[in-house]
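Structure record follows, encoded as structure tokens.
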Amino acid sequence: MTFLALQPLSLDLLPAAVALDQRCFGGLWTLDGYQRELESPNSELLVVVEKAEGRLPKASADRRQETGDRRQEAEGAREAEGAKEQKHLDSTLEISPSETLREQNSKLSPPRSTPHTLLPTPLVGLGCYWAILEEAHITMLAIDPVYQRQGLGQTLLYALIASAHARGLERATLEVRVSNASALALYQKFDFREAGRRRRYYPDNGEDALVLWRGGIQTPEFSGRLRDWQQQVYDRLCKAGWQLDIDSDR
Ligand SMILES: CC(C)(COP(=O)(O)OP(=O)(O)OC[C@H]1O[C@@H](n2cnc3c(N)ncnc32)[C@H](O)[C@@H]1OP(=O)(O)O)[C@@H](O)C(=O)NCCC(=O)NCCS
């Protein structure tokens with residue numbers, strides 16, 4: 001088992017959040033953007049973090065090494081792009097020459113076995129919604145490509161919906177590219193229904209957005225639905241060799 005934590009984004013993880021955003025969306029939000037989310041009482045921004053190796057039993061450490069190896073393969077291909085990104089982030093963060101971003105990040109996670117690893121970070125997923133009136137507007141859901149298809153995306157989505165329920169919100173809504181089959185399948189699993197289409201919504205390629213809704217979050221039946229999802233989420237994580245840390249479980 002390898003341990004995961006689900007927790008609110010914190011200041012120390014901002015650079016890792018920006019880096020993950022770059023990898024998943026090509027840079028949707030800037031560092032300032034993430035900082036504003038931290039400060040907004042209407043924003044719920046959760047991250048999935050792989051727990052530090054020092055706290056793990058040996059089997060988990062081995063698993064982390066395997067995952068690290070897969071990350072490194074993927075990261076090797078991104079290295080040229082990453083050098084550019086790192087330069088940009090260093091200047092954005094105004095890090096002094098004596099403490100580079102790489103060094104800052106190395107405090108967040110154990111050193112990896114190969115020296116060329118880009119931005120070694122335990123942050124593997126990001127999810128956010130804005131509470132607007134009685135609605136949860138899901139604005140972000142992303143899992144590091146190397147960690148996809150292991151149940152982490154549905155864990156994050158479940159956590160966002162459970163949080164919206166706890167806040168007393170009535171509905172959840174979001175926009176998704178018509179071509180994003182994996183996200184659409186995920187949202188369907190959580191009973192989101194198509195409510196409309198925004199033509200040429202995405203400026204990069206003029207693609208349409210589908211508007212999805214999930215109502216009934218405060219109905220009496222919904223608590224049972226949440227429990228079912230929670231079980232599914234835990235079973236799927238367990239099958240993939242992950243365990244959600246109880247302390248930070250939400
Ligand atoms: C969408 C995303 C968050 C899914 O994360 P993930 O960790 O791979 O998803 P999970 O492993 O939890 O999968 C949960 C369900 O999603 C669906 N799904 C996920 N990836 C899929 C794929 N490649 N093809 C088909 N269905 C997929 C399935 O229904 C899956 O359930 P199953 O495993 O029982 O079949 C991830 O692909 C991602 O970050 N994509 C890039 C960013 C993005 O497009 N975000 C959505 C913006 S609206």
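For the structure tokens, the naming scheme is as follows: chains receive sequential letters (A, B, ...) according to their order of presentation, residues are indexed from 1 within each chain, and ligands are indexed from 1 in presentation order.
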All residues 7 Å or closer to region 165-175 of chain A, only C-alpha atoms, same chain fewer than 4 positions away omitted, as a PyMOL selection string:
chain A and resi 134-139+161+209-218
Selection above as a file: C-alpha atoms, as a compact mmCIF listing (two decimals), in the first residue's frame:
```txt
# COMPACT_ATOMS: atom_id res chain seq x y z
CA GLU A 134 -26.54 27.37 -3.91
CA GLU A 135 -24.33 25.88 -6.62
CA ALA A 136 -20.91 24.26 -6.69
CA HIS A 137 -19.17 25.29 -9.92
CA ILE A 138 -16.44 22.73 -10.52
CA THR A 139 -13.65 24.72 -12.12
CA ILE A 161 -19.15 16.66 -4.18
CA ALA A 209 -18.31 22.88 -24.13
CA LEU A 210 -21.00 20.66 -22.69
CA VAL A 211 -22.63 22.04 -19.55
CA LEU A 212 -23.25 19.27 -17.04
CA TRP A 213 -25.38 19.37 -13.91
CA ARG A 214 -25.79 17.15 -10.90
CA GLY A 215 -28.80 18.22 -8.86
CA GLY A 216 -30.39 16.86 -5.70
CA ILE A 217 -27.32 17.17 -3.48
CA GLN A 218 -29.45 17.94 -0.44
```
Which neighbours of Val47 (chain A) fall inside 6 Å, counting only C-alpha atoms, when residues of the same chain fewer than 2 positions from it are skipped, and could you give them as a compact mmCIF listing (two decimals) with C-alpha atoms, in the first residue's frame?
```
# COMPACT_ATOMS: atom_id res chain seq x y z
CA LEU A 6 -6.52 14.45 0.39
CA GLN A 7 -6.15 17.97 1.75
CA PRO A 8 -6.74 21.63 0.95
CA LEU A 9 -4.06 23.29 -1.18
CA GLY A 125 -4.04 15.78 -8.29
CA LEU A 126 -5.97 19.05 -8.09
```
Can I get the residues close to ligand 1 as a short mmCIF file (atom, residue, chain, number, x, y, z; two decimals) with C-alpha atoms, in the first residue's frame, where close means within 7 Å and we count only C-alpha atoms and all ligand atoms?
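What ended up in result17.cif:
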```
data_model
loop_
_atom_site.label_atom_id
_atom_site.label_comp_id
_atom_site.auth_asym_id
_atom_site.auth_seq_id
_atom_site.Cartn_x
_atom_site.Cartn_y
_atom_site.Cartn_z
CA CYS A 24 -2.61 18.78 -17.49
CA PHE A 25 -3.96 21.96 -19.11
CA MET A 140 -10.75 22.27 -12.05
CA LEU A 141 -10.19 18.52 -11.92
CA ALA A 142 -6.83 17.11 -12.89
CA ILE A 143 -4.69 14.08 -12.15
CA ASP A 144 -1.03 13.88 -13.13
CA PRO A 145 -0.99 11.90 -16.41
CA TYR A 147 -1.13 8.61 -12.11
CA GLN A 148 -4.30 8.45 -14.19
CA ARG A 149 -6.63 5.42 -14.39
CA GLN A 150 -5.98 4.38 -10.79
CA GLY A 151 -9.09 5.84 -9.20
CA LEU A 152 -7.59 9.16 -8.14
CA GLY A 153 -9.82 11.31 -10.38
CA GLN A 154 -12.97 9.83 -8.95
CA THR A 155 -11.56 10.19 -5.44
CA GLU A 175 -18.16 22.68 -18.39
CA VAL A 176 -16.28 20.01 -20.27
CA ARG A 177 -14.92 19.74 -23.83
CA ASN A 180 -13.04 14.82 -23.42
CA ALA A 181 -14.30 11.25 -23.30
CA SER A 182 -12.50 10.27 -20.10
CA ALA A 183 -13.85 13.23 -18.11
CA ALA A 185 -17.29 9.06 -18.47
CA LEU A 186 -16.16 10.09 -14.99
CA LYS A 189 -20.46 7.85 -13.14
#
```
Do a neighbour search on region 243-245 of chain A at 6 Å with only C-alpha atoms, toss out local chain neighbours closer than 5 positions, and write the hits as a PyMOL selection string.
chain A and resi 2-5
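Distance annotation: of A:Tyr158, A:Phe192, A:Arg197, A:Pro203, the residue with the minimal separation from Asp228 (chain A) is A:Tyr158; atom set is only C-alpha atoms.
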For the strand (DSSP E) assignment from backbone DSSP, which residues of region 210-245 of chain A qualify? Please present them as a ChimeraX atom specification.
/A:210-214,242-244
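Going from CA of Val49 (chain A) over to CA of Leu31 (chain A), you cover 18.5 Å.
CA of Leu226 (chain A) is positioned 27.8 Å from CA of Asp21 (chain A).
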Near-region 32-44 of chain A list (8 Å; only C-alpha atoms; drop same-chain fewer than 4 positions) as a PyMOL selection string
chain A and resi 8-11+14+17-18+128-132+160
Keeping N, CA and C atoms, export the residues of the selection given above as a PDB file, in the first residue's frame.
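Written output follows (part-v4.pdb):
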```pdb
ATOM      1  N   PRO A   8      -6.649  20.354   1.660  1.00  0.00           N
ATOM      2  CA  PRO A   8      -6.736  21.632   0.948  1.00  0.00           C
ATOM      3  C   PRO A   8      -5.362  22.048   0.438  1.00  0.00           C
ATOM      4  N   LEU A   9      -5.328  22.753  -0.683  1.00  0.00           N
ATOM      5  CA  LEU A   9      -4.060  23.291  -1.182  1.00  0.00           C
ATOM      6  C   LEU A   9      -3.476  24.225  -0.132  1.00  0.00           C
ATOM      7  N   SER A  10      -2.166  24.129   0.060  1.00  0.00           N
ATOM      8  CA  SER A  10      -1.499  25.023   1.010  1.00  0.00           C
ATOM      9  C   SER A  10      -0.414  25.813   0.267  1.00  0.00           C
ATOM     10  N   LEU A  11       0.038  26.904   0.906  1.00  0.00           N
ATOM     11  CA  LEU A  11       1.015  27.801   0.273  1.00  0.00           C
ATOM     12  C   LEU A  11       2.243  27.064  -0.242  1.00  0.00           C
ATOM     13  N   LEU A  14       1.996  25.542  -3.713  1.00  0.00           N
ATOM     14  CA  LEU A  14       1.611  26.375  -4.869  1.00  0.00           C
ATOM     15  C   LEU A  14       2.462  26.091  -6.119  1.00  0.00           C
ATOM     16  N   ALA A  17       1.411  22.950  -7.661  1.00  0.00           N
ATOM     17  CA  ALA A  17       0.087  23.063  -8.278  1.00  0.00           C
ATOM     18  C   ALA A  17       0.199  23.684  -9.665  1.00  0.00           C
ATOM     19  N   VAL A  18       1.014  24.735  -9.769  1.00  0.00           N
ATOM     20  CA  VAL A  18       1.197  25.395 -11.077  1.00  0.00           C
ATOM     21  C   VAL A  18       1.838  24.418 -12.071  1.00  0.00           C
ATOM     22  N   CYS A 128     -11.128  21.670  -7.804  1.00  0.00           N
ATOM     23  CA  CYS A 128     -11.616  22.925  -7.211  1.00  0.00           C
ATOM     24  C   CYS A 128     -13.076  23.166  -7.580  1.00  0.00           C
ATOM     25  N   TYR A 129     -13.819  23.732  -6.637  1.00  0.00           N
ATOM     26  CA  TYR A 129     -15.115  24.296  -7.023  1.00  0.00           C
ATOM     27  C   TYR A 129     -15.284  25.649  -6.367  1.00  0.00           C
ATOM     28  N   TRP A 130     -16.144  26.470  -6.976  1.00  0.00           N
ATOM     29  CA  TRP A 130     -16.536  27.750  -6.387  1.00  0.00           C
ATOM     30  C   TRP A 130     -17.967  27.627  -5.907  1.00  0.00           C
ATOM     31  N   ALA A 131     -18.215  28.020  -4.687  1.00  0.00           N
ATOM     32  CA  ALA A 131     -19.581  28.029  -4.161  1.00  0.00           C
ATOM     33  C   ALA A 131     -20.229  29.350  -4.568  1.00  0.00           C
ATOM     34  N   ILE A 132     -21.194  29.272  -5.474  1.00  0.00           N
ATOM     35  CA  ILE A 132     -21.881  30.489  -5.958  1.00  0.00           C
ATOM     36  C   ILE A 132     -23.372  30.284  -5.698  1.00  0.00           C
ATOM     37  N   LEU A 160     -14.957  16.537  -3.748  1.00  0.00           N
ATOM     38  CA  LEU A 160     -15.550  17.852  -4.058  1.00  0.00           C
ATOM     39  C   LEU A 160     -17.065  17.821  -3.837  1.00  0.00           C
TER      40      LEU A 160
END
```
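In this structure, CA of Ala19 (chain A) sits 28.8 Å away from CA of Gln230 (chain A).
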